[in-house]
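**Student:** Sharing a structure, written as structure tokens. Questions coming.
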Amino acid sequence: MRRASARPVVLVLGGNDPSGGAGLAADIETLASLGCHPAPVVTAITVQDSRDVRAFDPVAPGLVMAQARAVLDDLPVAAVKLGMLGSAACSAACAAILEAHPHLPLVVDPVLRAGGGGGLARGELAQAIRLLLVPRAHLLTPNRQELRRLAPEADSEAGAARALLGAGAGAVYVTGTDHTTGPQVVNRLYTPGETLELPCERLPGGYHGSGCTLAAAAAAGLAHGLEVGAAVRAAQDYTLRALRRAVRPGRGQAFPVRLATDREDQDD
Ligand code: PLP
């Protein structure tokens, strides 16, 4: 039998998206294709298609905690990734679970809305994430809209990222399109010591599950022992490849192709 550590376990807590484009399906595909074993904990059931969200229901916090504890008590978890939590109560449940595992690398993707615009948050979720989870996060992966919701007092991207570092995040990786035009989008990795600019190709159209893919890929890098900067660079490269191969299976956004077959690779 091969060593289990060759395939590190990543605990992912997120919502189920029945279209398979985002949420836990995206996490599972990403982690499996990057040589990790995904352990998925369901935090919410969503009703959505490739266009937008129609409804969602958070799972009871006690049941979220029980799922996560079952994994943590049994498997050698190497990293944790939080995606859609849905409610402030679920954020509190996650914080309580993580209290017993302060050294596990933690990636927090502060999901508040779907790419189609539909809300994926109840109550004061942004505030709960900032208060309870940002201080524990080794890496926070907000897009520019999420960054504004997490640090509404700041008047610039850099100011907001610094506020979150001040609240205890180890690093803040800000992604997504901005007000600029041109062939590139600039993602930035803010750490207490420096700010790294990570430009990437501006791709046309909208993608469902790109943020989930990126955050899960960063968690895979941390689980394999990479430093946060190297994990983020590798995650950005992986996500860009998945977006370049994207397909449009429904009537809405395109889905990243995260588990490429040989045929799809030849099409690159
Ligand atoms: N998690 C779930 C369950 C979702 O349904 C979505 C979007 O629909 C997301 C996360 C965030 O998706 P994206 O990666 O497109 O930001």
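Quick note on naming: the chains in the structure tokens go A, B, ... in the order shown, residues restart at 1 in each chain, and ligands are numbered from 1 in order of appearance.
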Counting only C-alpha atoms and all ligand atoms, which protein, DNA or RNA residues come within 9 Å of ligand 1, given as a ChimeraX atom specification?
**Tutor:** /A:14-26,43-53,56,83-86,109-120,143,206-215
**Student:** Find the spatial neighbours of His224 of chain A, counting only C-alpha atoms, within a cut-off of 10 Å - ignore same-chain residues fewer than 2 positions away - and output them as a list of chain:residue names.
**Tutor:**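 The filter keeps A:Ser5, A:Ala6, A:Arg7, A:Pro8, A:Val9, A:Val10, A:Leu34, A:Gly35, A:Cys36, A:Ala78, A:Ala79, A:Ala218, A:Ala219, A:Ala220, A:Gly221, A:Leu222, A:Leu226, A:Glu227, A:Ala231.
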**Student:** So which residues of segment 15-230 of chain A fall under helix (DSSP H, G or I) by DSSP, listed as JSON, numbers by chain?
**Tutor:** {"A": [23, 24, 25, 26, 27, 28, 29, 30, 31, 32, 33, 61, 62, 63, 64, 65, 66, 67, 68, 69, 70, 71, 72, 88, 89, 90, 91, 92, 93, 94, 95, 96, 97, 98, 99, 125, 126, 127, 128, 129, 130, 131, 132, 133, 134, 135, 136, 144, 145, 146, 147, 148, 149, 150, 157, 158, 159, 160, 161, 162, 163, 164, 165, 166, 210, 211, 212, 213, 214, 215, 216, 217, 218, 219, 220, 221, 222, 223, 228, 229, 230]}
**Student:** Run DSSP on the backbone and grab whatever in segment 31-253 of chain A lands in strand (DSSP E or B); send it over as a PyMOL selection string.
**Tutor:** chain A and resi 37-48+53-58+77-82+106-108+113+119+139-140+143+172-175+184-190+195-201+207+247
**Student:** Got time to write the residues from that selection, N, CA and C atoms, as a compact mmCIF listing (two decimals), in the first residue's frame?
**Tutor:**
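Writing done, so here's out.txt:
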# COMPACT_ATOMS: atom_id res chain seq x y z
N HIS A 37 -6.52 14.02 -1.33
CA HIS A 37 -7.77 13.31 -1.04
C HIS A 37 -8.77 14.32 -0.47
N PRO A 38 -9.86 14.63 -1.18
CA PRO A 38 -10.82 15.60 -0.64
C PRO A 38 -11.76 14.93 0.36
N ALA A 39 -12.00 15.58 1.50
CA ALA A 39 -12.97 15.11 2.49
C ALA A 39 -14.05 16.20 2.58
N PRO A 40 -15.18 16.03 1.88
CA PRO A 40 -16.16 17.11 1.75
C PRO A 40 -17.23 17.11 2.85
N VAL A 41 -17.37 18.24 3.51
CA VAL A 41 -18.41 18.45 4.52
C VAL A 41 -19.44 19.42 3.95
N VAL A 42 -20.71 19.02 3.94
CA VAL A 42 -21.75 19.86 3.34
C VAL A 42 -22.24 20.89 4.36
N THR A 43 -22.15 22.18 3.99
CA THR A 43 -22.62 23.25 4.88
C THR A 43 -23.96 23.82 4.44
N ALA A 44 -24.31 23.58 3.16
CA ALA A 44 -25.56 24.14 2.64
C ALA A 44 -25.97 23.37 1.39
N ILE A 45 -27.27 23.30 1.18
CA ILE A 45 -27.80 22.74 -0.07
C ILE A 45 -28.24 23.94 -0.91
N THR A 46 -27.75 24.03 -2.13
CA THR A 46 -28.21 25.12 -2.99
C THR A 46 -29.05 24.56 -4.12
N VAL A 47 -29.96 25.39 -4.61
CA VAL A 47 -30.74 25.05 -5.80
C VAL A 47 -30.29 26.04 -6.86
N GLN A 48 -29.57 25.57 -7.85
CA GLN A 48 -29.06 26.50 -8.86
C GLN A 48 -28.74 25.77 -10.15
N VAL A 53 -28.49 31.27 -8.76
CA VAL A 53 -29.02 30.55 -7.59
C VAL A 53 -30.52 30.83 -7.47
N ARG A 54 -31.31 29.78 -7.19
CA ARG A 54 -32.75 29.99 -6.96
C ARG A 54 -33.07 29.95 -5.47
N ALA A 55 -32.37 29.14 -4.74
CA ALA A 55 -32.63 29.01 -3.29
C ALA A 55 -31.45 28.31 -2.64
N PHE A 56 -31.36 28.46 -1.33
CA PHE A 56 -30.39 27.63 -0.60
C PHE A 56 -30.84 27.48 0.84
N ASP A 57 -30.38 26.43 1.47
CA ASP A 57 -30.73 26.15 2.85
C ASP A 57 -29.47 25.71 3.59
N PRO A 58 -29.06 26.46 4.62
CA PRO A 58 -27.87 26.02 5.37
C PRO A 58 -28.16 24.74 6.14
N VAL A 77 -5.70 14.94 8.44
CA VAL A 77 -6.00 16.13 7.62
C VAL A 77 -4.75 17.02 7.54
N ALA A 78 -4.41 17.44 6.30
CA ALA A 78 -3.20 18.25 6.10
C ALA A 78 -3.53 19.72 5.88
N ALA A 79 -4.77 20.02 5.48
CA ALA A 79 -5.18 21.41 5.28
C ALA A 79 -6.70 21.46 5.27
N VAL A 80 -7.24 22.66 5.52
CA VAL A 80 -8.69 22.85 5.56
C VAL A 80 -9.03 24.01 4.62
N LYS A 81 -10.12 23.85 3.88
CA LYS A 81 -10.61 24.95 3.03
C LYS A 81 -12.08 25.20 3.34
N LEU A 82 -12.42 26.45 3.60
CA LEU A 82 -13.82 26.82 3.82
C LEU A 82 -14.33 27.56 2.60
N LEU A 106 -5.18 26.85 6.91
CA LEU A 106 -6.60 27.12 6.63
C LEU A 106 -6.74 28.14 5.51
N VAL A 107 -7.48 27.76 4.46
CA VAL A 107 -7.81 28.69 3.37
C VAL A 107 -9.28 29.06 3.54
N VAL A 108 -9.56 30.35 3.59
CA VAL A 108 -10.96 30.81 3.71
C VAL A 108 -11.34 31.55 2.44
N ARG A 113 -21.78 35.53 -2.63
CA ARG A 113 -22.67 35.54 -3.80
C ARG A 113 -22.18 34.54 -4.82
N GLY A 119 -27.50 35.76 -4.10
CA GLY A 119 -26.91 35.75 -2.76
C GLY A 119 -26.75 34.32 -2.24
N LEU A 139 -4.66 31.86 4.66
CA LEU A 139 -4.86 32.52 3.36
C LEU A 139 -6.35 32.81 3.20
N LEU A 140 -6.62 34.05 2.81
CA LEU A 140 -7.99 34.49 2.54
C LEU A 140 -8.05 34.78 1.04
N ASN A 143 -12.71 37.80 -3.80
CA ASN A 143 -12.66 38.61 -5.01
C ASN A 143 -12.90 40.06 -4.59
N VAL A 172 -3.63 37.67 2.15
CA VAL A 172 -4.90 37.97 1.48
C VAL A 172 -4.64 38.02 -0.02
N TYR A 173 -5.29 37.14 -0.75
CA TYR A 173 -5.10 37.05 -2.20
C TYR A 173 -6.37 37.59 -2.87
N VAL A 174 -6.25 38.75 -3.47
CA VAL A 174 -7.42 39.44 -4.03
C VAL A 174 -7.48 39.17 -5.53
N THR A 175 -8.63 38.66 -5.97
CA THR A 175 -8.74 38.21 -7.37
C THR A 175 -9.91 38.88 -8.06
N GLN A 184 -4.89 42.09 -19.50
CA GLN A 184 -4.56 41.40 -18.25
C GLN A 184 -5.39 41.87 -17.06
N VAL A 185 -5.59 40.96 -16.13
CA VAL A 185 -6.19 41.29 -14.83
C VAL A 185 -5.06 41.12 -13.81
N VAL A 186 -4.97 42.03 -12.86
CA VAL A 186 -3.90 41.89 -11.86
C VAL A 186 -4.50 41.40 -10.54
N ASN A 187 -4.15 40.18 -10.18
CA ASN A 187 -4.47 39.67 -8.85
C ASN A 187 -3.32 40.08 -7.92
N ARG A 188 -3.62 40.28 -6.66
CA ARG A 188 -2.55 40.68 -5.73
C ARG A 188 -2.56 39.82 -4.48
N LEU A 189 -1.35 39.44 -4.06
CA LEU A 189 -1.18 38.70 -2.81
C LEU A 189 -0.58 39.64 -1.78
N TYR A 190 -1.37 39.97 -0.76
CA TYR A 190 -0.92 40.86 0.32
C TYR A 190 -0.48 40.00 1.50
N THR A 195 3.62 43.08 -0.97
CA THR A 195 2.48 42.88 -1.87
C THR A 195 3.03 42.38 -3.20
N LEU A 196 2.53 41.23 -3.64
CA LEU A 196 2.99 40.66 -4.91
C LEU A 196 1.91 40.85 -5.96
N GLU A 197 2.28 41.35 -7.12
CA GLU A 197 1.32 41.47 -8.22
C GLU A 197 1.41 40.21 -9.06
N LEU A 198 0.28 39.59 -9.30
CA LEU A 198 0.25 38.36 -10.09
C LEU A 198 -0.69 38.56 -11.28
N PRO A 199 -0.18 39.14 -12.35
CA PRO A 199 -1.03 39.39 -13.51
C PRO A 199 -1.46 38.10 -14.18
N CYS A 200 -2.65 38.09 -14.72
CA CYS A 200 -3.06 36.93 -15.52
C CYS A 200 -3.95 37.38 -16.67
N GLU A 201 -4.03 36.52 -17.65
CA GLU A 201 -4.78 36.81 -18.87
C GLU A 201 -6.25 37.13 -18.55
N TYR A 207 -17.47 32.68 -15.64
CA TYR A 207 -17.18 31.28 -15.30
C TYR A 207 -17.81 30.96 -13.96
N VAL A 247 -15.97 24.69 -20.61
CA VAL A 247 -17.06 24.31 -21.53
C VAL A 247 -18.34 24.98 -21.02
